[in-house]
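One file, structure.txt, is given below (compact mmCIF, C-alpha atoms and all ligand atoms).
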```txt
# COMPACT_ATOMS: atom_id res chain seq x y z
CA MET A 1 -20.84 -108.96 -110.05
CA LYS A 2 -22.56 -111.37 -112.44
CA LYS A 3 -21.39 -114.99 -112.17
CA PRO A 4 -19.63 -116.10 -115.39
CA ASP A 5 -21.61 -118.54 -117.51
CA LEU A 6 -18.53 -120.69 -118.08
CA ASN A 7 -15.01 -120.54 -116.71
CA PHE A 8 -11.66 -122.29 -116.82
CA THR A 9 -8.39 -122.10 -114.93
CA TYR A 10 -5.16 -121.42 -116.72
CA HIS A 11 -2.11 -123.15 -115.20
CA LYS A 12 1.26 -121.89 -116.27
CA ASN A 13 4.09 -123.32 -114.32
CA ILE A 14 7.07 -123.51 -116.61
CA ARG A 15 10.49 -124.23 -115.16
CA SER A 16 13.46 -122.93 -117.15
CA ASP A 17 17.08 -123.76 -116.43
CA VAL A 18 19.46 -121.08 -117.62
CA CYS A 19 23.05 -122.16 -118.35
CA ILE A 20 25.71 -119.46 -118.04
CA TYR A 21 29.25 -119.94 -119.39
CA VAL A 22 31.87 -117.36 -118.43
CA GLY A 23 35.42 -117.23 -119.79
CA ILE A 24 37.85 -115.45 -122.06
CA ASN A 25 37.35 -116.78 -125.63
CA GLU A 26 34.20 -118.69 -124.59
CA SER A 27 32.23 -117.11 -127.49
CA HIS A 28 34.45 -119.08 -129.91
CA ASN A 29 32.48 -122.15 -128.81
CA ILE A 30 29.10 -120.71 -129.77
CA ALA A 31 28.31 -123.46 -132.31
CA HIS A 32 28.89 -126.05 -129.56
CA PHE A 33 26.52 -124.22 -127.16
CA LEU A 34 23.82 -124.20 -129.85
CA LYS A 35 23.97 -127.97 -130.33
CA ASN A 36 21.44 -128.88 -127.61
CA LEU A 37 18.96 -126.37 -129.01
CA ASN A 38 19.03 -128.08 -132.40
CA PRO A 39 18.17 -125.00 -134.50
CA ASP A 40 16.99 -125.16 -138.11
CA LYS A 41 18.35 -121.63 -138.55
CA VAL A 42 20.10 -119.12 -136.29
CA PHE A 43 19.26 -115.42 -136.27
CA ILE A 44 21.94 -113.12 -134.88
CA ILE A 45 20.42 -109.89 -133.57
CA CYS A 46 22.90 -107.03 -133.19
CA ASP A 47 23.07 -103.26 -133.42
CA SER A 48 24.83 -101.29 -136.15
CA THR A 49 28.03 -100.86 -134.10
CA ILE A 50 28.37 -104.55 -133.24
CA ALA A 51 27.51 -105.47 -136.84
CA MET A 52 30.72 -103.71 -137.85
CA ILE A 53 33.00 -105.13 -135.13
CA TYR A 54 31.90 -108.62 -134.13
CA ALA A 55 28.96 -109.97 -136.18
CA ASP A 56 31.07 -111.49 -138.97
CA SER A 57 33.31 -113.56 -136.71
CA ILE A 58 30.37 -114.96 -134.69
CA ARG A 59 28.42 -115.56 -137.90
CA GLU A 60 31.32 -117.55 -139.39
CA LYS A 61 31.57 -119.73 -136.28
CA ILE A 62 27.85 -120.54 -136.34
CA ALA A 63 27.76 -121.00 -140.14
CA LYS A 64 30.09 -124.00 -139.87
CA ARG A 65 27.12 -125.97 -138.45
CA TYR A 66 23.87 -124.07 -139.04
CA PRO A 67 22.24 -121.73 -141.59
CA VAL A 68 22.53 -118.22 -140.17
CA ALA A 69 21.09 -114.76 -140.86
CA VAL A 70 21.91 -111.40 -139.24
CA ILE A 71 19.26 -108.83 -138.27
CA VAL A 72 20.69 -105.40 -137.53
CA HIS A 73 18.94 -102.64 -135.59
CA LYS A 74 20.02 -99.06 -134.89
CA ALA A 75 22.27 -98.73 -131.85
CA ASN A 76 21.27 -97.13 -128.55
CA GLU A 77 18.33 -96.53 -126.24
CA ALA A 78 16.35 -94.20 -128.53
CA ASN A 79 15.70 -97.15 -130.87
CA LYS A 80 14.63 -99.63 -128.19
CA ASN A 81 10.94 -99.55 -129.10
CA LEU A 82 8.06 -101.54 -130.59
CA GLN A 83 8.53 -100.19 -134.13
CA ALA A 84 12.02 -101.71 -134.18
CA ILE A 85 10.62 -105.03 -132.89
CA THR A 86 7.96 -105.11 -135.62
CA LYS A 87 10.67 -104.55 -138.23
CA MET A 88 12.74 -107.40 -136.74
CA CYS A 89 9.72 -109.77 -136.86
CA ASP A 90 9.25 -109.00 -140.55
CA GLU A 91 12.93 -109.64 -141.28
CA PHE A 92 12.77 -112.92 -139.34
CA PHE A 93 9.88 -114.27 -141.42
CA ILE A 94 11.21 -112.96 -144.75
CA ALA A 95 14.47 -114.82 -144.05
CA GLY A 96 12.57 -118.09 -143.42
CA GLY A 97 12.50 -118.20 -139.60
CA THR A 98 10.40 -121.00 -138.03
CA GLN A 99 9.42 -122.25 -134.56
CA LYS A 100 12.70 -124.22 -134.48
CA SER A 101 14.86 -121.18 -135.20
CA VAL A 102 17.05 -119.77 -132.44
CA ILE A 103 17.65 -116.09 -131.68
CA VAL A 104 21.23 -115.15 -130.70
CA ALA A 105 21.52 -111.67 -129.18
CA LEU A 106 25.01 -110.27 -129.74
CA GLY A 107 25.44 -106.91 -128.06
CA GLY A 108 24.71 -104.75 -125.03
CA GLY A 109 21.66 -104.57 -122.81
CA VAL A 110 19.58 -102.83 -125.47
CA THR A 111 20.13 -105.65 -127.98
CA GLY A 112 19.61 -108.31 -125.28
CA ASN A 113 16.29 -106.79 -124.23
CA MET A 114 15.07 -106.34 -127.81
CA ALA A 115 16.07 -109.88 -128.79
CA GLY A 116 14.40 -111.12 -125.59
CA VAL A 117 11.10 -109.45 -126.50
CA LEU A 118 11.42 -110.80 -130.05
CA ALA A 119 12.11 -114.37 -128.89
CA SER A 120 9.19 -114.23 -126.45
CA ILE A 121 6.58 -113.12 -129.01
CA ILE A 122 7.56 -115.00 -132.19
CA PHE A 123 5.31 -118.09 -132.20
CA ARG A 124 4.70 -117.15 -128.52
CA GLY A 125 8.25 -118.14 -127.64
CA ILE A 126 11.33 -119.54 -129.40
CA LYS A 127 14.81 -120.35 -128.04
CA LEU A 128 17.07 -117.51 -126.96
CA VAL A 129 20.85 -117.36 -126.56
CA LEU A 130 22.60 -114.25 -125.26
CA ILE A 131 26.17 -113.20 -126.03
CA PRO A 132 26.44 -109.94 -124.08
CA THR A 133 29.22 -107.59 -125.21
CA THR A 134 29.10 -104.72 -122.67
CA LEU A 135 30.13 -105.09 -119.05
CA LEU A 136 26.66 -103.98 -117.97
CA ALA A 137 25.00 -106.68 -120.06
CA GLN A 138 27.54 -109.33 -119.00
CA LEU A 139 27.16 -108.83 -115.26
CA ASP A 140 23.56 -107.66 -115.08
CA SER A 141 21.03 -107.54 -117.88
CA ALA A 142 21.83 -110.90 -119.52
CA ALA A 143 21.28 -112.97 -116.37
CA ASP A 144 17.67 -111.87 -116.05
CA VAL A 145 14.23 -112.72 -117.35
CA LYS A 146 12.80 -109.23 -117.77
CA GLN A 147 12.72 -108.37 -121.46
CA SER A 148 11.38 -104.99 -122.44
CA VAL A 149 11.38 -102.01 -124.75
CA ASN A 150 10.40 -98.41 -124.07
CA SER A 151 7.11 -96.66 -124.81
CA ALA A 152 7.38 -92.98 -125.72
CA LEU A 153 6.61 -92.08 -122.10
CA VAL A 154 7.89 -94.86 -119.85
CA LYS A 155 11.18 -96.75 -120.02
CA ASN A 156 11.07 -100.57 -120.16
CA SER A 157 7.28 -100.48 -119.93
CA ILE A 158 6.43 -102.94 -122.72
CA GLY A 159 7.68 -106.50 -122.55
CA SER A 160 7.52 -109.95 -121.09
CA TYR A 161 9.27 -112.44 -118.84
CA LYS A 162 11.46 -114.74 -120.91
CA ALA A 163 14.40 -116.76 -119.64
CA PRO A 164 17.33 -117.14 -122.03
CA ASP A 165 18.32 -120.77 -122.66
CA VAL A 166 22.06 -120.16 -122.74
CA ILE A 167 24.24 -117.15 -121.85
CA VAL A 168 27.82 -117.02 -123.12
CA ILE A 169 29.90 -114.35 -121.38
CA ASP A 170 33.24 -113.58 -123.00
CA PRO A 171 35.22 -110.75 -121.33
CA LEU A 172 37.29 -110.42 -124.52
CA PHE A 173 34.52 -108.24 -125.97
CA LEU A 174 35.23 -105.69 -123.23
CA LYS A 175 38.53 -104.74 -124.85
CA SER A 176 36.76 -102.52 -127.37
CA LEU A 177 34.62 -100.72 -124.76
CA ASP A 178 35.64 -97.19 -123.75
CA ASP A 179 36.20 -96.37 -120.07
CA ARG A 180 32.77 -94.78 -119.67
CA LYS A 181 31.07 -98.01 -120.77
CA ILE A 182 33.24 -100.02 -118.38
CA ARG A 183 32.22 -97.67 -115.55
CA THR A 184 28.52 -98.01 -116.38
CA GLY A 185 28.76 -101.77 -115.83
CA LEU A 186 30.43 -101.18 -112.49
CA GLY A 187 27.35 -99.18 -111.46
CA GLU A 188 25.25 -102.37 -111.41
CA ALA A 189 28.04 -104.36 -109.74
CA VAL A 190 28.42 -101.83 -106.94
CA LYS A 191 24.63 -101.81 -106.45
CA HIS A 192 24.85 -105.46 -105.41
CA GLY A 193 27.85 -104.58 -103.25
CA PHE A 194 25.91 -101.88 -101.35
CA ALA A 195 23.10 -104.34 -100.63
CA GLN A 196 24.95 -107.59 -100.11
CA ASP A 197 28.70 -107.27 -99.69
CA MET A 198 30.58 -104.09 -98.79
CA ASP A 199 33.95 -105.92 -99.25
CA PHE A 200 33.02 -106.28 -102.91
CA VAL A 201 32.56 -102.49 -103.08
CA GLU A 202 36.11 -102.01 -101.71
CA TYR A 203 37.44 -104.50 -104.28
CA ILE A 204 35.73 -102.65 -107.15
CA LEU A 205 37.16 -99.33 -105.93
CA THR A 206 40.76 -100.52 -105.89
CA CYS A 207 41.02 -103.11 -108.71
CA ASP A 208 42.46 -102.64 -112.21
CA LYS A 209 39.27 -101.99 -114.14
CA ARG A 210 40.77 -102.77 -117.55
CA ASP A 211 42.25 -106.16 -116.65
CA LEU A 212 40.07 -108.83 -118.30
CA ASN A 213 40.71 -111.38 -115.54
CA VAL A 214 39.66 -108.85 -112.90
CA LEU A 215 36.54 -108.02 -114.92
CA GLN A 216 35.74 -111.71 -115.18
CA LYS A 217 35.89 -111.94 -111.37
CA ILE A 218 33.58 -108.94 -111.03
CA ILE A 219 31.13 -110.46 -113.54
CA THR A 220 31.05 -113.84 -111.80
CA LYS A 221 30.71 -112.27 -108.35
CA THR A 222 27.89 -109.93 -109.40
CA ILE A 223 25.88 -112.70 -111.04
CA SER A 224 26.47 -114.92 -107.98
CA LEU A 225 25.13 -112.18 -105.70
CA LYS A 226 22.08 -111.83 -107.91
CA ILE A 227 21.43 -115.58 -107.89
CA GLU A 228 21.94 -115.63 -104.09
CA HIS A 229 19.29 -112.92 -103.78
CA TRP A 230 16.86 -114.87 -105.97
CA GLU A 231 17.47 -118.10 -104.08
CA ASN A 232 16.85 -116.40 -100.76
CA SER A 233 13.53 -115.00 -101.97
CA PRO A 234 11.42 -118.12 -102.59
CA THR A 235 8.36 -116.24 -103.84
CA ILE A 236 10.34 -114.05 -106.19
CA TRP A 237 9.11 -115.53 -109.46
CA ASN A 238 5.46 -115.48 -108.42
CA ASP A 239 5.31 -111.98 -107.05
CA SER A 240 6.13 -109.23 -109.51
CA LYS A 241 6.63 -106.70 -106.69
CA GLN A 242 9.24 -108.88 -105.00
CA ILE A 243 11.21 -109.37 -108.19
CA GLU A 244 11.82 -105.64 -108.33
CA ARG A 245 13.26 -105.36 -104.85
CA LEU A 246 17.02 -105.56 -104.47
CA THR A 247 17.82 -105.49 -108.17
CA HIS A 248 15.60 -102.42 -108.45
CA LEU A 249 17.67 -100.18 -106.14
CA GLY A 250 18.05 -96.73 -107.70
CA HIS A 251 15.98 -97.78 -110.71
CA THR A 252 12.68 -95.94 -110.06
CA THR A 253 14.52 -92.63 -110.32
CA ALA A 254 16.97 -93.90 -112.96
CA LYS A 255 14.20 -94.84 -115.39
CA VAL A 256 12.96 -91.26 -115.26
CA LEU A 257 16.45 -89.76 -115.61
CA GLU A 258 17.04 -91.91 -118.71
CA MET A 259 13.79 -90.76 -120.34
CA ILE A 260 14.29 -87.03 -119.64
CA ASP A 261 17.24 -86.84 -122.02
CA ILE A 262 17.46 -90.15 -123.85
CA ASP A 263 21.03 -91.46 -124.41
CA TYR A 264 22.52 -88.55 -122.36
CA LEU A 265 23.30 -90.76 -119.36
CA THR A 266 24.39 -94.38 -119.64
CA HIS A 267 22.22 -96.87 -117.71
CA GLY A 268 24.86 -97.30 -114.99
CA GLU A 269 25.17 -93.53 -114.54
CA ALA A 270 21.40 -93.16 -114.30
CA ILE A 271 21.19 -95.80 -111.57
CA ALA A 272 24.17 -94.23 -109.77
CA HIS A 273 22.34 -90.88 -109.56
CA GLY A 274 19.17 -92.81 -108.70
CA MET A 275 20.91 -94.70 -105.88
CA VAL A 276 22.09 -91.47 -104.22
CA ILE A 277 18.67 -89.82 -104.47
CA GLU A 278 16.91 -92.95 -103.22
CA ALA A 279 19.45 -93.41 -100.42
CA TYR A 280 18.52 -89.94 -99.27
CA ILE A 281 14.81 -90.78 -99.51
CA SER A 282 15.54 -93.82 -97.35
CA TYR A 283 17.26 -91.49 -94.87
CA LEU A 284 14.28 -89.09 -94.92
CA LEU A 285 11.98 -92.02 -94.11
CA GLY A 286 14.18 -92.88 -91.13
CA TYR A 287 15.92 -96.02 -92.49
CA LEU A 288 19.42 -95.37 -93.84
CA ASP A 289 21.70 -93.19 -91.70
CA LEU A 290 23.33 -90.09 -93.16
CA ARG A 291 26.84 -91.61 -93.04
CA SER A 292 25.68 -94.44 -95.30
CA VAL A 293 24.15 -91.96 -97.74
CA GLU A 294 27.49 -90.12 -97.81
CA ARG A 295 29.37 -93.40 -98.32
CA ILE A 296 27.19 -94.30 -101.31
CA TYR A 297 27.74 -90.83 -102.77
CA LYS A 298 31.51 -91.01 -102.23
CA VAL A 299 31.90 -94.48 -103.80
CA LEU A 300 29.88 -93.52 -106.86
CA SER A 301 31.84 -90.26 -107.28
CA GLU A 302 35.14 -92.13 -107.00
CA LEU A 303 33.97 -94.52 -109.70
CA GLU A 304 33.14 -91.43 -111.82
CA LEU A 305 29.59 -92.62 -112.20
CA LEU A 306 27.92 -89.35 -111.20
CA TYR A 307 28.19 -87.95 -114.71
CA PRO A 308 27.23 -84.23 -114.55
CA LEU A 309 23.52 -83.73 -115.14
CA SER A 310 22.57 -81.31 -117.93
CA ASN A 311 20.12 -78.39 -117.52
CA SER A 312 17.27 -80.69 -118.57
CA TYR A 313 17.41 -82.29 -115.12
CA THR A 314 15.50 -80.05 -112.72
CA CYS A 315 13.43 -81.04 -109.72
CA ALA A 316 10.30 -80.16 -111.74
CA THR A 317 11.21 -82.38 -114.73
CA VAL A 318 12.12 -85.34 -112.55
CA ILE A 319 9.00 -85.03 -110.38
CA ALA A 320 6.76 -84.54 -113.43
CA LYS A 321 7.98 -87.82 -114.93
CA LEU A 322 8.04 -89.73 -111.63
CA TYR A 323 4.50 -88.78 -110.66
CA GLY A 324 3.20 -88.18 -114.22
CA THR A 325 1.92 -91.65 -115.04
CA THR A 326 1.19 -92.83 -111.48
CA ASP A 327 0.40 -91.08 -108.19
CA GLN A 328 2.40 -93.66 -106.31
CA PRO A 329 5.71 -94.75 -107.82
CA ILE A 330 7.20 -97.61 -105.82
CA PHE A 331 10.77 -97.35 -104.58
CA ALA A 332 13.00 -100.18 -103.38
CA LEU A 333 14.99 -98.67 -100.53
CA LEU A 334 18.02 -99.97 -98.64
CA LYS A 335 17.71 -100.26 -94.86
CA SER A 336 21.44 -100.42 -94.21
CA LEU A 337 24.65 -101.00 -96.14
CA GLY A 338 25.53 -104.64 -96.79
CA ASP A 339 22.04 -105.78 -95.78
CA PRO A 340 19.93 -107.15 -98.64
CA THR A 341 16.65 -106.38 -96.85
CA THR A 342 14.93 -103.66 -98.79
CA ILE A 343 11.73 -101.76 -98.22
CA SER A 344 9.32 -101.58 -101.11
CA THR A 345 7.38 -98.40 -100.58
CA THR A 346 5.49 -95.52 -102.11
CA VAL A 347 6.92 -92.16 -101.10
CA LEU A 348 5.15 -88.89 -100.49
CA ARG A 349 5.80 -86.53 -103.38
CA SER A 350 7.09 -83.88 -100.94
CA ALA A 351 9.76 -86.29 -99.61
CA THR A 352 10.87 -87.12 -103.14
CA GLU A 353 11.01 -83.40 -103.96
CA ASN A 354 13.14 -82.81 -100.88
CA ALA A 355 15.58 -85.55 -101.90
CA ILE A 356 15.88 -84.36 -105.50
CA ASN A 357 16.37 -80.75 -104.41
CA TRP A 358 19.00 -81.90 -101.91
CA TYR A 359 20.80 -83.74 -104.70
CA LEU A 360 20.52 -81.07 -107.38
CA ASP A 361 21.28 -78.20 -104.96
CA THR A 362 24.52 -79.87 -103.92
CA LYS A 363 23.09 -80.98 -100.65
CA THR A 364 22.22 -77.62 -99.11
CA THR A 365 18.67 -78.46 -98.05
CA LYS A 366 18.40 -79.49 -94.41
CA PRO A 367 16.77 -82.93 -94.01
CA GLU A 368 13.57 -83.15 -91.97
CA VAL A 369 13.39 -86.80 -91.09
CA LYS A 370 10.34 -87.01 -88.80
CA LYS A 371 8.09 -85.23 -91.26
CA TYR A 372 8.11 -88.18 -93.65
CA GLN A 373 7.78 -91.13 -91.37
CA SER A 374 4.13 -91.58 -92.26
CA ALA A 375 4.88 -92.63 -95.85
CA THR A 376 2.95 -95.73 -96.87
CA ILE A 377 4.89 -98.97 -96.60
CA VAL A 378 3.68 -101.69 -98.94
N1 LIG A 401 16.94 -106.79 -116.43
C1 LIG A 401 17.25 -106.28 -117.56
O1 LIG A 401 16.82 -106.76 -118.55
C2 LIG A 401 18.17 -105.08 -117.61
C3 LIG A 401 19.04 -104.80 -116.57
C4 LIG A 401 19.92 -103.72 -116.71
C5 LIG A 401 19.89 -102.94 -117.86
N2 LIG A 401 19.00 -103.22 -118.85
C6 LIG A 401 18.94 -102.42 -120.08
O2 LIG A 401 20.22 -102.44 -120.71
C7 LIG A 401 20.34 -101.26 -121.49
C8 LIG A 401 21.73 -100.69 -121.32
O3 LIG A 401 22.66 -101.64 -121.78
P1 LIG A 401 24.12 -101.22 -122.28
O4 LIG A 401 24.70 -100.26 -121.32
O5 LIG A 401 24.82 -102.47 -122.58
O6 LIG A 401 23.80 -100.33 -123.57
P2 LIG A 401 23.77 -100.64 -125.14
O7 LIG A 401 23.27 -101.98 -125.44
O8 LIG A 401 23.07 -99.48 -125.77
O9 LIG A 401 25.31 -100.53 -125.52
C9 LIG A 401 25.93 -99.28 -125.42
C10 LIG A 401 26.72 -98.97 -126.69
O10 LIG A 401 27.90 -99.77 -126.69
C11 LIG A 401 28.08 -100.40 -127.95
N3 LIG A 401 28.78 -101.66 -127.70
C12 LIG A 401 28.26 -102.81 -127.19
N4 LIG A 401 29.23 -103.71 -127.00
C13 LIG A 401 30.39 -103.14 -127.42
C14 LIG A 401 31.73 -103.57 -127.46
N5 LIG A 401 32.11 -104.77 -127.02
N6 LIG A 401 32.67 -102.71 -127.95
C15 LIG A 401 32.32 -101.47 -128.38
N7 LIG A 401 31.05 -101.00 -128.34
C16 LIG A 401 30.11 -101.82 -127.86
C17 LIG A 401 26.69 -100.54 -128.49
O11 LIG A 401 26.70 -100.63 -129.89
C18 LIG A 401 26.01 -99.26 -127.99
O12 LIG A 401 26.27 -98.21 -128.87
C19 LIG A 401 19.26 -100.33 -121.05
O13 LIG A 401 18.26 -100.27 -122.05
C20 LIG A 401 18.68 -100.97 -119.81
O14 LIG A 401 17.32 -100.71 -119.63
C21 LIG A 401 18.16 -104.28 -118.75
```
What does the file become when written as structure tokens?
Ligand SMILES: NC(=O)c1ccc[n+]([C@@H]2O[C@H](COP(=O)([O-])OP(=O)(O)OC[C@H]3O[C@@H](n4cnc5c(N)ncnc54)[C@H](O)[C@@H]3O)[C@@H](O)[C@H]2O)c1
Amino acid sequence: MKKPDLNFTYHKNIRSDVCIYVGINESHNIAHFLKNLNPDKVFIICDSTIAMIYADSIREKIAKRYPVAVIVHKANEANKNLQAITKMCDEFFIAGGTQKSVIVALGGGVTGNMAGVLASIIFRGIKLVLIPTTLLAQLDSAADVKQSVNSALVKNSIGSYKAPDVIVIDPLFLKSLDDRKIRTGLGEAVKHGFAQDMDFVEYILTCDKRDLNVLQKIITKTISLKIEHWENSPTIWNDSKQIERLTHLGHTTAKVLEMIDIDYLTHGEAIAHGMVIEAYISYLLGYLDLRSVERIYKVLSELELLYPLSNSYTCATVIAKLYGTTDQPIFALLKSLGDPTTISTTVLRSATENAINWYLDTKTTKPEVKKYQSATIV
């Protein structure tokens, strides 16, 4: 290859400290949390549902100290795309947003991700505060740096890494969530349990899932497990493959399930189905034993997370999406229950087909473990 005529090295080594406040009524202190960020104007980003229930009260609290505007987008996954982000950018500038303005995301994981993308691209990065309002966003998506929207073909495929500056988690918002949305959050919590702490799984199974103090404990524990995982993986922020590991359990399949019939499954349900299928793949590759696969299946059924799949979900549709844009989708697989060590691996298409057929055919297919042991480990 020809030697470049000139060259330079780009160093980007930014350290971001993320402050997380958790407590019932904590969102009432939002103006106080904004103080250190010194905004010239605050932009609340929320979806149409949250605009009706909570936007006014948060807006009033902020308006006591700062000018504030509200940007509303259409609720749900189908609208988590670049067109919606472009519209938000226009609204931001029309309302007088500057480099010193702060974005406040008020809503579920969809709003958090969209606001995260917005905050990372406006002037190549402005301050971001998250006030997550679903259990899933409170215990999982908010405490993260991956911000993305969907392309027409691949979920969460367009985005950036952007750390929020402040996260304010108020379990009081969970009062207006229906049971299905509470369960979807538990899907991410139990994922950490399977990989890091089986006692936590038992706690989730038996606790009162509508008690706000119990939910606060589950939120704090799940985020602590996530932080523990990050702290035990020193290279995690420099190696994009590593970052996907433990937190990515069940997600390779889940992303596909969510795109096959958008908004049919909640995110937690999609990862629950994904975790069972991927547990079986792990078994086929000779890692997880069959009893562990059964345990995962039983826990997720008890939590009512295995929402019945519609006729759109066939082995052919799942395989077509999984292997449609890449020959080698990478799976993060558990080695054993309660052990955070995962294997990041590509999987032979035939093994994936076997696992999906096993799952969709109510587990009638006989596993053939040895056949798949040659799958590439990366
Ligand atoms: N690392 C990450 O960034 C990460 C991790 C996990 C999930 N996610 C993303 O999060 C999204 C799923 O998040 P979600 O489950 O919160 O979905 P969501 O944001 O679509 O919220 C679900 C629905 O609940 C409504 N809602 C929100 N809060 C409410 C409340 N307190 N009371 C009543 N209704 C309320 C919303 O208006 C929406 O209709 C997915 O797009 C997923 O990809 C991202």
Would you pick out the contacts of stretch 287-296 of chain A at 7 Å or less, using all atoms listed in the file, so that residues sharing its chain but fewer than 2 positions from it are not included, and give the list as an mmCIF file with C-alpha atoms, keeping the file's coordinate frame?
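Once written, part-v5.cif looks like this:
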```cif
data_model
loop_
_atom_site.group_PDB
_atom_site.id
_atom_site.type_symbol
_atom_site.label_atom_id
_atom_site.label_comp_id
_atom_site.auth_asym_id
_atom_site.auth_seq_id
_atom_site.Cartn_x
_atom_site.Cartn_y
_atom_site.Cartn_z
ATOM 1 C CA VAL A 276 22.090 -91.470 -104.220
ATOM 2 C CA ALA A 279 19.450 -93.410 -100.420
ATOM 3 C CA TYR A 280 18.520 -89.940 -99.270
ATOM 4 C CA SER A 282 15.540 -93.820 -97.350
ATOM 5 C CA TYR A 283 17.260 -91.490 -94.870
ATOM 6 C CA LEU A 285 11.980 -92.020 -94.110
ATOM 7 C CA LYS A 298 31.510 -91.010 -102.230
ATOM 8 C CA VAL A 299 31.900 -94.480 -103.800
ATOM 9 C CA LEU A 300 29.880 -93.520 -106.860
ATOM 10 C CA LEU A 334 18.020 -99.970 -98.640
ATOM 11 C CA LYS A 335 17.710 -100.260 -94.860
ATOM 12 C CA SER A 336 21.440 -100.420 -94.210
ATOM 13 C CA LEU A 337 24.650 -101.000 -96.140
#
```
Q) So what do you get for atom CA of A:Pro171 versus atom CA of A:Ala142, distance-wise? A) 13.5 Å
Q: Could you jot down the atom CA of A:Cys19 to atom CA of A:Lys162 separation for me, Å, one decimal place?
A: 14.0 Å
Q.
Counting all atoms listed in the file, which residue out of A:Gly112, A:Gly193, A:Gly324, A:Gly338 sits closest to A:Val154?
A.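 Of the candidates, the smallest distance to A:Val154 is held by A:Gly324.
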Q: Residues within 8 Å of ligand LIG 401 (chain A), counting all atoms listed in the file: report them as number ranges by chain.
A: A: 47-50, 53, 75-77, 80, 107-113, 132-137, 140-149, 155-156, 173-178, 181, 184-185, 188, 255, 266-268
Q: Name the residues within 12 Å of (19.8, -113.2, -108.8), counting only C-alpha atoms in the file's coordinates, and put them as a VMD selection string.
A: chain A and resid 18 139 to 145 192 196 220 to 234 236 to 237 243 to 248 340
Q. Taking only C-alpha atoms into account, which of A:Thr346, A:Gln138, A:Asn36, A:Asn357 comes nearest A:Ala316?
A.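 Answer, going by the shortest atom-to-atom distance: A:Asn357.
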Q) If you measure from atom CA of A:Lys41 to atom CA of A:Val102, what distance in Å do you get, rounded to one decimal? A) 6.5 Å
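Distances to A:Ala95 were evaluated for A:Ile44, A:Ile30, A:Met114, A:Ala351 using all atoms listed in the file, and the minimum falls at A:Ile44.
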**Q.** Pick from A:Ser16, A:Asn29, A:Asn213, A:Thr342, whichever lies nearest to A:Asp165 using only C-alpha atoms
**A.** A:Ser16
(Q) Could you list, as a list in words, every residue within 12 Å of A:Glu302, counting all atoms listed in the file and ignoring same-chain residues fewer than 6 positions away? (A)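 In the requested format, the answer is Arg183, Leu186, Gly187, Val190, Val201, Glu202, Ile204, Leu205, Thr206, Ala272, Arg295 and Ile296 of chain A.
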Q: Extract, using only C-alpha atoms, all DNA, RNA and protein residues at most 6 Å from stretch 103-106 of chain A, discarding same-chain residues fewer than 2 positions from it, and format them as a PyMOL selection string.
A: chain A and resi 43-46+112+115+128-132
(Q) Ranking A:Thr98, A:Thr252, A:Ser344, A:Thr352 by minimum distance to A:Asp40 and counting all atoms listed in the file, which one comes first? (A)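 Once distances to A:Asp40 are computed over all atoms listed in the file, the minimum belongs to A:Thr98.
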Q | Residue neighbourhood A:Ser27, 10 Å, only C-alpha atoms, exclusion window fewer than 6 positions, as an MDAnalysis selection string | A | chainID A and resid 21 33 57:58 61 131:132 167:173
Q) If we count only C-alpha atoms, what is near A:Lys87 at a cut-off of 12 Å, once residues fewer than 5 positions away on the same chain are taken out, given as a PyMOL selection string? A) chain A and resi 71-74+79-82+92-94+114+118
